[in-house]
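K.L.:
Sharing a structure below in structure tokens format, with a few things to ask.
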Amino acid sequence: MKTFSNKEGALIIDKMILAIQENKQYLSDIDGLIGDGDHGINMNKGFTMCREELDNNPGDLAHSAKILSKILMMKIGGSMGPLYGKLYRGFASELSGKDEIGISEMGAALEGMLSSIQAISPAKPGDKTLIDTLVPAVEAFKKAQAEGKEFDVALDEMKAAAIVGRDSTKDMLAQLGRASRLGERSRGVLDAGATSCCLLLGVLADTSIELVK
Amino acid sequence: MKTFSNKEGALIIDKMILAIQENKQYLSDIDGLIGDGDHGINMNKGFTMCREELDNNPGDLAHSAKILSKILMMKIGGSMGPLYGKLYRGFASELSGKDEIGISEMGAALEGMLSSIQAISPAKPGDKTLIDTLVPAVEAFKKAQAEGKEFDVALDEMKAAAIVGRDSTKDMLAQLGRASRLGERSRGVLDAGATSCCLLLGVLADTSIELVK
Amino acid sequence: MQKFVNDPSKVVDEMLEAYVKVHADLVSTTENERVIKYKHAPVKGKVGIVTGGGSGHKPAFVGYVGRNMVDAVACGEIFSSPPAQMFYDAIKAADGGKGVALLYGNYAGDNMNVAMAMDEAEDEGIEVKKVVANDDVPSAPKGEEAKRRGVAGEILMWKVGGAKAAMGASLDEVIAAAQKAIKNTRSMGVGLAPCAIPEVGHPNFTIEEGKMEVGIGHHGEPGIEVCDLEPSAKIAQRFCNVILPDLPFESGDEVVVLISGLGSTPVMEQYIVFNDIEKILKERGIKIYLSYVGNYFTSLEMAGVTCTLMKLDEELKECMDYECDSVGMQQFQR
Amino acid sequence: MQKFVNDPSKVVDEMLEAYVKVHADLVSTTENERVIKYKHAPVKGKVGIVTGGGSGHKPAFVGYVGRNMVDAVACGEIFSSPPAQMFYDAIKAADGGKGVALLYGNYAGDNMNVAMAMDEAEDEGIEVKKVVANDDVPSAPKGEEAKRRGVAGEILMWKVGGAKAAMGASLDEVIAAAQKAIKNTRSMGVGLAPCAIPEVGHPNFTIEEGKMEVGIGHHGEPGIEVCDLEPSAKIAQRFCNVILPDLPFESGDEVVVLISGLGSTPVMEQYIVFNDIEKILKERGIKIYLSYVGNYFTSLEMAGVTCTLMKLDEELKECMDYECDSVGMQQFQR
Ligand SMILES: Nc1ncnc2c1ncn2[C@@H]1O[C@H](COP(=O)(O)OP(=O)(O)O)[C@@H](O)[C@H]1O
Ligand SMILES: Nc1ncnc2c1ncn2[C@@H]1O[C@H](COP(=O)(O)OP(=O)(O)O)[C@@H](O)[C@H]1O
Ligand SMILES: [Mg+2]
Ligand SMILES: [Mg+2]
Ligand SMILES: [Mg+2]
Ligand SMILES: [Mg+2]
């Protein structure tokens with residue numbers, strides 16, 4: 001049974017923070033095409049604050065995810081603050097108290113992500129939001145799990161599905177948030193939230209696979 | 001003795017109004033280089049109002065000049081309103097009650113222009129204002145008069161001196177009004193007021209000569 | 001970008017730091033430096049009035065904190081909804097024991113953050129009710145009013161709610177009056193030039209020279225159409241053609257008119273637009289009871305104006321006449 | 001030009017036509033449609049306060065007509081001095097029988113037109129005295145203060161003169177107080193972007209992207225230097241380096257600070273500039289008694305700010321605290 005410890009898992013959040021910091025400009029540029037160009041700025045501010053907090057108050061994966069969730073919800077605001085705040089809160093609550101994280105724990109955590117975000121967001125697949133990345137990714141993981149595949153294989157399939165989901169937003173018409181008012185003009189451009197979500201799920205998969213080896 | 005009647009003289013003001021209307025854009029463009037670009041607009045507004053008033057209330061040269069003076073002083077404002085207002089008021093007061101206008105009446109009227117404007121303006125020759133056109137023009141006329149030249153010759157010499165005066169403002173450094181703050185940058189450009197004054201004195205000369213024939 | 005800025009990511013903090021110094025006789029800080037309150041808030045026995053939103057709309061939102069107006073405000077980043085914590089801290093700062101009325105604009109982020117803040121307030125036993133402003137007509141078609149965004153009409157909602165609370169009304173009465181205010185309010189914007197978020201460094205949308213965007217949102221959200229810039233009188237006609245039938249405003253109605261510049265449009269031009277709108281309302285037999293012209297709800301340095309009309313009844317009139325003192329709106333008792 | 005205009009040559013007329021409708025409870029017209037007066041002017045037994053100047057500086061000049069402020073104002077074309085007739089009609093509209101104080105800015109056209117208007121008033125037996133504001137430090141070197149132009153400092157002169165007159169002071173006392181106010185006031189402007197007179201159709205001066213004009217006049221008159229745009233804190237240092245030594249302002253002084261936007265600079269940025277100036281004044285031991293931040297004296301859509309400081313004594317403090325009600329400045333009794 002391939003697993004990694006909750007403690008080692010803190011590395012996942014560290015890597016997610018770096019990924020957001022490195023892609024701050026990229027994410028803002030995408031958001032600028034059909035939004036107000038601040039997605040990278042908002043995410044970077046929250047993830048960087050989390051970095052500072054974790055440096056003084058380190059802990060395992062669940063702990064780190066909880067800190068990130070609290071900061072996003074309480075400090076960042078915008079539309080992404082509450083959304084990613086709830087996403088990380090759902091993820092953390094499923095993992096807290098678990099020493100080892102394997103395919104079943106990860107499955108429950110991914111589902112926790114999805115259910116908590118869907119509790120406050122009316123977004124459905126096809127609305128050109130981060131949901132269009134998250135839903136296929138979680139489904140792919142759960143399918144691989146049901147088929148008895150290995151943890152690292154399920155993670156890879158989750159990552160691949162996230163990429164497909166992100167790219168599918170290109171030709172979608174935005175139904176929610178700022179871009180929704182653009183109608184036709186919102187087609188032909190990736191959704192910023194779907195892109196950042198794909199980025200983060202990719203880091204989750206890669207780092208977990210590394211830890212599991 | 002070459003003269004023209006005060007009554008016929010009203011044509012001078014009519015021609016002055018046309019000249020200002022035709023040069024509205026030109027005068028504003030010059031003012032725009034070292035001022036706020038409204039000299040043509042201000043002058044056109046005043047001279048056009050005078051046109052409308054004279055159409056219902058026509059009269060001789062003195063009368064028309066008085067109406068123009070009143071409008072400029074009372075309705076136009078800016079710096080040119082009071083200046084040209086006083087100029088025409090000095091001109092009109094010397095001619096009112098005169099049936100015929102010859103070289104001596106015109107001489108007194110030109111001096112009246114100069115003295116009434118100098119009563120409210122601190123401008124001296126060389127300050128890059130309309131004074132740099134008016135002073136040489138009046139002096140040239142008085143000199144021709146003193147030398148016993150004919151009325152039309154004196155008018156021609158006045159006009160020529162006005163042109164020389166206007167052109168002399170090109171290399172002057174503005175000492176007064178908006179342009180004075182430009183220092184060196186005000187050199188190399190004609191002064192708007194000097195240009196309009198030269199235009200008006202030119203019309204005064206040409207129309208008087210025509211009437212005297 | 002031709003701006004007075006130090007660190008672009010600190011503009012909101014520096015602005016608020018200065019704001020509480022300049023208006024020390026009217027407002028004060030709270031432990032949350034992004035929540036500013038009326039100096040004497042919470043006012044015991046008065047319904048608390050709270051609002052909040054992204055910064056960059058001066059005087060909104062902090063500029064409407066004051067006497068008989070807003071008691072506490074949550075200030076987000078530029079054009080970005082304040083997080084739940086800020087709304088929650090503002091609720092606490094305004095709670096005088098008779099409940100809190102949360103009066104804000106219909107934006108996705110605000111709705112989510114307000115929902116979370118209200119949950120927390122409920123856990124702490126503070127009764128909070130909300131009114132969501134949706135006066136921006138072009139932001140959603142007739143029949144889908146609930147999807148419409150809130151713009152300058154929010155100010156009239158705050159004025160009415162603030163007055164009602166000052167008169168000692170209950171939470172339900174304050175909410176009912178504020179709801180009636182916004183329900184009778186319609187707005188539209190026309191944009192002539194874009195703005196840039198300091199941190200982003202360049203405008204997110206463009207309006208070409210000689211063009212105008214009819215129905216633009218005040219974060220530059222796209223409007224009904226982009227067309228050639230027209231004389232003010234024609235634009236006024238467009239305002240009326242969209243706004244009047246939507247309520248509808250009819251002959252004999254008494255209204256408040258509020259023309260707000262979007263930031264860089266000279267106030268002189270705003271009066272010219274008012275003049276043209278006033279003529280049309282007169283023709284239609286619509287009587288102007290009270291009018292406001294100025295930079296009441298801006299969007300950084302956007303050029304343009306929004307036009308807001310509110311249909312009055314006796315209660316709304318009484319609230320509009322009520323004395324208030326805030327930076328954005330001061331009123332001696334009429 | 002991205003403007004709301006009908007006939008560019010009629011902008012002032014249309015603006016005033018709207019102005020008196022919007023502020024009917026405060027101001028009214030006179031037979032001269034370019035002269036607007038306080039509704040209750042002339043106030044019997046009170047010294048009349050008159051000012052005037054070119055339009056395009058909203059709220060100046062007409063915006064300062066009101067209770068305990070300016071009684072009547074002459075409104076010229078954009079950036080063009082009002083003709084003598086307008087100043088004279090304003091004097092008549094404000095004359096309550098105790099003389100008229102004419103408080104205006106030092107501009108060539110204004111000086112000439114005021115002189116002619118005062119001659120006419122004298123002929124009619126109305127006692128008129130004047131104070132000429134010259135608070136713009138960069139507009140002339142030390143020692144040639146009489147040549148300096150008047151900018152936002154005029155507002156403090158009107159506030160002091162208006163209060164003094166409301167307290168029942170004589171003409172000489174009003175003039176003395178207004179003169180003391182402006183004598184203790186120093187201003188400087190920094191321009192970031194130009195403006196265009198509607199009738200002219202294009203800006204008369206340029207400020208390149210990334211540059212700023214230090215000491216610019218508010219009709220775009222050239223300043224001390226054009227240099228690279230700096231962070232707000234550095235610009236605040238320049239304001240203090242020019243203004244503080246000129247009076248001079250010294251440690252222990254109490255001052256009023258007024259930061260005015262030039263028209264298109266977001267108010268948020270103006271607060272940031274205030275914040276940086278406040279820090280410098282604190283270091284220098286200069287105490288801020290009262291501060292104003294906002295679009296108090298603009299120049300159409302110019303981007304930039306002017307910073308104005310006035311050194312206070314007890315009399316000036318009393319006048320600044322005095323209640324007033326005008327569109328440009330409203331003050332509940334402090
Ligand atoms: N209701 C929603 N549900 C899910 N995702 C949403 C929703 N609204 C917006 N988003 C996501 O938020 C992203 C924009 O985030 P960001 O730019 O930070 O916020 P804002 O729109 O407030 O500027 C969009 O690309 C979209 O994926
Ligand atoms: N004090 C003065 N005496 C004589 N002429 C002056 C004076 N001040 C300005 N002028 C003239 O006025 C002209 C500018 O006029 P105009 O543009 O109409 O007024 P403003 O400067 O108020 O915009 C200048 O070109 C100059 O010739
Ligand atoms: Mg965004
Ligand atoms: Mg000029
Ligand atoms: Mg945003
Ligand atoms: Mg001018």
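Chain labels A, B, ... are given in the sequence in which chains occur in the structure tokens; within each chain residues are numbered consecutively from 1, and ligands are likewise numbered from 1 in the order shown.
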Can you pull out every residue with an atom within 8 Å of ligand 6? Use only C-alpha atoms and all ligand atoms and format it as a PDB file with C-alpha atoms, in the first residue's frame.
P.N.:
ATOM      1  CA  GLY B  35      -0.659  80.362 -24.036  1.00  0.00           C
ATOM      2  CA  ASP B  36      -3.912  78.501 -23.463  1.00  0.00           C
ATOM      3  CA  GLY B  37      -5.073  78.501 -27.065  1.00  0.00           C
ATOM      4  CA  ASP B  38      -8.196  80.614 -26.683  1.00  0.00           C
ATOM      5  CA  HIS B  39      -7.202  84.009 -28.144  1.00  0.00           C
ATOM      6  CA  ASN B  42     -12.249  84.981 -27.207  1.00  0.00           C
ATOM      7  CA  GLY B  78      -9.994  87.067 -20.047  1.00  0.00           C
ATOM      8  CA  SER B  79      -7.029  89.425 -20.470  1.00  0.00           C
TER       9      SER B  79
ATOM     10  CA  ILE D  78     -13.091  78.216 -19.209  1.00  0.00           C
ATOM     11  CA  PHE D  79      -9.787  79.404 -17.753  1.00  0.00           C
ATOM     12  CA  SER D  80     -10.709  82.971 -18.769  1.00  0.00           C
ATOM     13  CA  SER D  81     -11.217  85.860 -16.401  1.00  0.00           C
TER      14      SER D  81
END
K.L.:
Let me have all residues with an atom within 9 Å of ligand 1, counting only C-alpha atoms and all ligand atoms, laid out as a PyMOL selection string.
P.N.:
(chain A and resi 27-28+30-32+34-43+77-81+83-84+117-118+120-124+127-132+174+176-179+190-197) or (chain C and resi 79-81+107-110+112)
K.L.:
Please identify the helix (DSSP H, G or I) residues within range 45-244 of chain C (assignment by DSSP from backbone atoms) and present them as a ChimeraX atom specification.
P.N.:
/C:62-64,84-94,108-123,137-139,145-147,153-166,171-183,232-244
K.L.:
Need to verify the contact set: Asp71 in chain D, 8 Å, only C-alpha atoms, exclusion of same-chain residues closer than 3 positions in sequence. Can you return it as a ChimeraX atom specification?
P.N.:
/D:37-38,41-42,48-50,65-67,93-94
K.L.:
Would you mind exporting N, CA and C atoms of the selected residues as a PDB file, in the first residue's frame?
P.N.:
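Output below, filename out-v4.pdb:
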ATOM      1  N   LYS D  37     -25.588  83.734  -6.941  1.00  0.00           N
ATOM      2  CA  LYS D  37     -25.458  84.247  -5.566  1.00  0.00           C
ATOM      3  C   LYS D  37     -26.010  83.253  -4.557  1.00  0.00           C
ATOM      4  N   TYR D  38     -25.616  83.415  -3.306  1.00  0.00           N
ATOM      5  CA  TYR D  38     -26.195  82.674  -2.181  1.00  0.00           C
ATOM      6  C   TYR D  38     -27.660  83.073  -2.135  1.00  0.00           C
ATOM      7  N   ALA D  41     -28.597  86.053  -0.270  1.00  0.00           N
ATOM      8  CA  ALA D  41     -27.778  87.276  -0.462  1.00  0.00           C
ATOM      9  C   ALA D  41     -28.613  88.289  -1.246  1.00  0.00           C
ATOM     10  N   PRO D  42     -28.376  89.630  -1.062  1.00  0.00           N
ATOM     11  CA  PRO D  42     -27.443  90.179  -0.079  1.00  0.00           C
ATOM     12  C   PRO D  42     -27.988  90.068   1.344  1.00  0.00           C
ATOM     13  N   GLY D  48     -20.372  91.699   2.386  1.00  0.00           N
ATOM     14  CA  GLY D  48     -20.551  90.766   1.249  1.00  0.00           C
ATOM     15  C   GLY D  48     -19.215  90.171   0.838  1.00  0.00           C
ATOM     16  N   ILE D  49     -19.222  88.865   0.561  1.00  0.00           N
ATOM     17  CA  ILE D  49     -18.005  88.192   0.089  1.00  0.00           C
ATOM     18  C   ILE D  49     -18.201  87.849  -1.392  1.00  0.00           C
ATOM     19  N   VAL D  50     -17.289  88.352  -2.214  1.00  0.00           N
ATOM     20  CA  VAL D  50     -17.389  88.092  -3.665  1.00  0.00           C
ATOM     21  C   VAL D  50     -16.088  87.475  -4.172  1.00  0.00           C
ATOM     22  N   VAL D  65     -20.057  79.281  -3.185  1.00  0.00           N
ATOM     23  CA  VAL D  65     -21.153  80.191  -2.820  1.00  0.00           C
ATOM     24  C   VAL D  65     -22.046  79.436  -1.829  1.00  0.00           C
ATOM     25  N   GLY D  66     -22.374  80.090  -0.711  1.00  0.00           N
ATOM     26  CA  GLY D  66     -23.251  79.416   0.249  1.00  0.00           C
ATOM     27  C   GLY D  66     -23.294  80.151   1.573  1.00  0.00           C
ATOM     28  N   ARG D  67     -23.808  79.457   2.608  1.00  0.00           N
ATOM     29  CA  ARG D  67     -23.986  80.078   3.939  1.00  0.00           C
ATOM     30  C   ARG D  67     -22.628  80.243   4.606  1.00  0.00           C
ATOM     31  N   ALA D  93     -24.816  92.076  -6.105  1.00  0.00           N
ATOM     32  CA  ALA D  93     -25.630  90.965  -5.565  1.00  0.00           C
ATOM     33  C   ALA D  93     -25.242  90.635  -4.125  1.00  0.00           C
ATOM     34  N   ALA D  94     -24.013  91.042  -3.727  1.00  0.00           N
ATOM     35  CA  ALA D  94     -23.532  90.661  -2.388  1.00  0.00           C
ATOM     36  C   ALA D  94     -23.589  91.826  -1.398  1.00  0.00           C
TER      37      ALA D  94
END
K.L.:
One decimal, in Å: what's the spacing between CA of Gly153 in chain D and CA of Ile235 in chain D?
P.N.:
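Those two atoms sit 19.3 Å apart.
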K.L.:
Need the shell around Asn6 in chain A: protein/DNA/RNA residues with any atom at most 12 Å away, counting only C-alpha atoms. Skip same-chain ones fewer than 3 positions apart. Format as a PyMOL selection string?
P.N.:
chain A and resi 3+9-13+59-65+92+94-102+105-106+208+211-212
K.L.:
How would the residues just chosen look if you wrote them out with N, CA, C and O atoms as a short mmCIF file (atom, residue, chain, number, x, y, z; two decimals), in the first residue's frame?
P.N.:
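Saved to part05.cif:
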data_model
loop_
_atom_site.label_atom_id
_atom_site.label_comp_id
_atom_site.auth_asym_id
_atom_site.auth_seq_id
_atom_site.Cartn_x
_atom_site.Cartn_y
_atom_site.Cartn_z
N THR A 3 1.76 4.84 0.52
CA THR A 3 1.24 6.00 1.28
C THR A 3 2.40 6.96 1.56
O THR A 3 3.57 6.64 1.34
N GLY A 9 3.70 15.20 4.06
CA GLY A 9 2.76 15.79 3.11
C GLY A 9 2.77 17.32 3.12
O GLY A 9 2.35 17.95 2.15
N ALA A 10 3.32 17.91 4.20
CA ALA A 10 3.37 19.38 4.26
C ALA A 10 4.10 19.93 3.04
O ALA A 10 3.82 21.04 2.56
N LEU A 11 5.01 19.13 2.48
CA LEU A 11 5.78 19.55 1.30
C LEU A 11 4.84 19.93 0.13
O LEU A 11 5.12 20.85 -0.64
N ILE A 12 3.68 19.27 0.09
CA ILE A 12 2.72 19.54 -1.01
C ILE A 12 2.30 21.02 -0.98
O ILE A 12 2.31 21.73 -1.99
N ILE A 13 1.97 21.49 0.21
CA ILE A 13 1.53 22.90 0.32
C ILE A 13 2.72 23.83 0.00
O ILE A 13 2.57 24.83 -0.73
N GLY A 59 3.58 22.46 10.38
CA GLY A 59 2.78 21.29 10.82
C GLY A 59 2.64 20.33 9.66
O GLY A 59 3.35 20.45 8.65
N ASP A 60 1.73 19.39 9.80
CA ASP A 60 1.59 18.37 8.74
C ASP A 60 0.72 18.92 7.59
O ASP A 60 0.34 20.11 7.60
N LEU A 61 0.42 18.05 6.62
CA LEU A 61 -0.34 18.47 5.42
C LEU A 61 -1.69 19.07 5.81
O LEU A 61 -2.06 20.17 5.38
N ALA A 62 -2.43 18.39 6.70
CA ALA A 62 -3.76 18.87 7.09
C ALA A 62 -3.65 20.25 7.74
O ALA A 62 -4.39 21.18 7.42
N HIS A 63 -2.64 20.38 8.61
CA HIS A 63 -2.43 21.66 9.32
C HIS A 63 -2.15 22.78 8.32
O HIS A 63 -2.76 23.84 8.35
N SER A 64 -1.22 22.50 7.40
CA SER A 64 -0.83 23.52 6.42
C SER A 64 -2.03 23.91 5.56
O SER A 64 -2.25 25.09 5.27
N ALA A 65 -2.80 22.91 5.14
CA ALA A 65 -3.97 23.19 4.29
C ALA A 65 -4.99 24.03 5.06
O ALA A 65 -5.63 24.94 4.50
N ALA A 92 -8.56 19.74 3.96
CA ALA A 92 -7.89 19.61 5.28
C ALA A 92 -8.74 18.78 6.24
O ALA A 92 -8.22 17.87 6.90
N GLU A 94 -10.76 16.43 5.82
CA GLU A 94 -10.73 14.98 5.56
C GLU A 94 -9.41 14.35 6.01
O GLU A 94 -9.34 13.17 6.32
N LEU A 95 -8.33 15.14 6.06
CA LEU A 95 -6.98 14.56 6.35
C LEU A 95 -6.56 14.75 7.80
O LEU A 95 -5.62 14.12 8.27
N SER A 96 -7.25 15.66 8.50
CA SER A 96 -6.77 15.94 9.87
C SER A 96 -6.91 14.69 10.73
O SER A 96 -7.89 13.94 10.63
N GLY A 97 -5.87 14.37 11.52
CA GLY A 97 -5.88 13.21 12.40
C GLY A 97 -5.39 11.94 11.71
O GLY A 97 -5.18 10.91 12.34
N LYS A 98 -5.16 11.99 10.39
CA LYS A 98 -4.68 10.79 9.69
C LYS A 98 -3.14 10.80 9.72
O LYS A 98 -2.52 11.80 9.39
N ASP A 99 -2.47 9.71 10.17
CA ASP A 99 -1.00 9.70 10.17
C ASP A 99 -0.48 9.46 8.76
O ASP A 99 0.42 10.11 8.28
N GLU A 100 -1.10 8.45 8.09
CA GLU A 100 -0.64 8.09 6.75
C GLU A 100 -1.72 8.44 5.74
O GLU A 100 -2.92 8.34 6.01
N ILE A 101 -1.26 8.87 4.56
CA ILE A 101 -2.21 9.22 3.50
C ILE A 101 -2.00 8.31 2.30
O ILE A 101 -0.93 8.30 1.69
N GLY A 102 -3.04 7.54 2.02
CA GLY A 102 -3.00 6.64 0.86
C GLY A 102 -4.10 7.00 -0.09
O GLY A 102 -4.74 8.06 0.03
N GLU A 105 -7.53 7.87 1.55
CA GLU A 105 -7.56 9.16 2.25
C GLU A 105 -7.58 10.31 1.22
O GLU A 105 -8.33 11.28 1.32
N MET A 106 -6.72 10.15 0.20
CA MET A 106 -6.64 11.19 -0.84
C MET A 106 -7.98 11.32 -1.57
O MET A 106 -8.46 12.43 -1.84
N SER A 208 2.91 14.21 -4.37
CA SER A 208 2.47 12.96 -3.70
C SER A 208 3.21 11.76 -4.28
O SER A 208 3.69 10.89 -3.54
N LEU A 211 6.63 11.62 -2.95
CA LEU A 211 6.66 11.21 -1.54
C LEU A 211 6.41 9.71 -1.40
O LEU A 211 6.99 9.04 -0.55
N VAL A 212 5.55 9.22 -2.27
CA VAL A 212 5.15 7.80 -2.15
C VAL A 212 6.32 6.87 -2.52
O VAL A 212 6.45 5.79 -1.96
#
K.L.:
Would you list the contacts of Gly52 in chain D as an MDAnalysis selection string, taking every protein, DNA or RNA residue within 10 Å and counting only C-alpha atoms, but skipping same-chain residues closer than 3 positions in sequence?
P.N.:
chainID D and resid 35 55 60:62 70 72:76 81:83 86:87 90 102:105 110 114
K.L.:
Might you pull out every residue within 10 Å of range 242-259 of chain C, with only C-alpha atoms counted and same-chain residues fewer than 4 positions away left off, and present them as a ChimeraX atom specification?
P.N.:
/C:135-138,141-142,152-153,155-156,183-189,215,237-238,267,270-271,273-274,277-278,281-297,305-314,316-317,320 /D:22
K.L.:
Could you pull out the strand (DSSP E or B) residues of range 34-155 of chain D from DSSP and send them as number ranges by chain?
P.N.:
D: 35-38, 48-55, 65-67, 70, 72-78, 100-105, 128-133, 136
K.L.:
Which one of C:Ile272, C:Ala236, C:Val200, C:Ala176 sits closest to ligand 3 if you count only C-alpha atoms and all ligand atoms?
P.N.:
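Smallest distance to ligand 3 is found for C:Val200.
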K.L.:
In terms of the shortest atom-to-atom distance over only C-alpha atoms, which of B:Gly202, B:Gly46, B:Gly112, B:Gly107 is closest to chain D?
P.N.:
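Closest residue, counting only C-alpha atoms: B:Gly46.
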K.L.:
Could you please tell me, as JSON, numbers by chain, which residues of chain C have an atom within 7 Å of chain D when using only C-alpha atoms?
P.N.:
{"C": [2, 4, 5, 6, 14, 15, 18, 19, 22, 56, 58, 192, 209, 210, 231, 232, 233, 263, 264, 265, 266, 267, 268, 269, 271, 272, 273, 274, 275, 291, 292, 300, 301]}
K.L.:
Identify, on the basis of only C-alpha atoms, every residue whose closest approach to Val153 in chain A does not exceed 12 Å; exclude the query and any residue fewer than 6 positions from it along the same chain; express the result as a PyMOL selection string.
P.N.:
chain A and resi 2+103+140-145+147+159-160+205-206+208-209+212
K.L.:
Keeping C-alpha atoms, export the residues of the selection given above as a PDB file, in the first residue's frame.
P.N.:
ATOM      1  CA  LYS A   2       1.654   3.155  -1.216  1.00  0.00           C
ATOM      2  CA  ILE A 103      -5.340   6.356  -2.074  1.00  0.00           C
ATOM      3  CA  ALA A 140     -10.755  10.451 -12.690  1.00  0.00           C
ATOM      4  CA  PHE A 141      -9.126   9.771  -9.314  1.00  0.00           C
ATOM      5  CA  LYS A 142     -12.271   8.085  -7.900  1.00  0.00           C
ATOM      6  CA  LYS A 143     -12.559   5.952 -11.104  1.00  0.00           C
ATOM      7  CA  ALA A 144      -8.920   4.820 -10.867  1.00  0.00           C
ATOM      8  CA  GLN A 145      -9.455   4.068  -7.169  1.00  0.00           C
ATOM      9  CA  GLU A 147     -10.631   0.105 -10.593  1.00  0.00           C
ATOM     10  CA  LYS A 159      -3.573  15.268 -13.119  1.00  0.00           C
ATOM     11  CA  ALA A 160      -4.255  14.384 -16.744  1.00  0.00           C
ATOM     12  CA  ALA A 205      -0.150  14.765  -7.895  1.00  0.00           C
ATOM     13  CA  ASP A 206       3.560  15.211  -8.639  1.00  0.00           C
ATOM     14  CA  SER A 208       2.469  12.960  -3.701  1.00  0.00           C
ATOM     15  CA  ILE A 209       4.002  10.577  -6.276  1.00  0.00           C
ATOM     16  CA  VAL A 212       5.151   7.799  -2.150  1.00  0.00           C
TER      17      VAL A 212
END
K.L.:
May I ask which of the residues B:Leu54, B:Gly165, B:Asp156, B:Asp14 is the closest one to ligand 2, counting only C-alpha atoms and all ligand atoms?
P.N.:
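Among the listed residues, the smallest separation from ligand 2 belongs to B:Gly165.
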K.L.:
Choose the residue, out of D:Phe239, D:Tyr322, D:Phe205, D:Trp158, that has the smallest atom-to-atom separation from chain B; count only C-alpha atoms.
P.N.:
D:Phe205
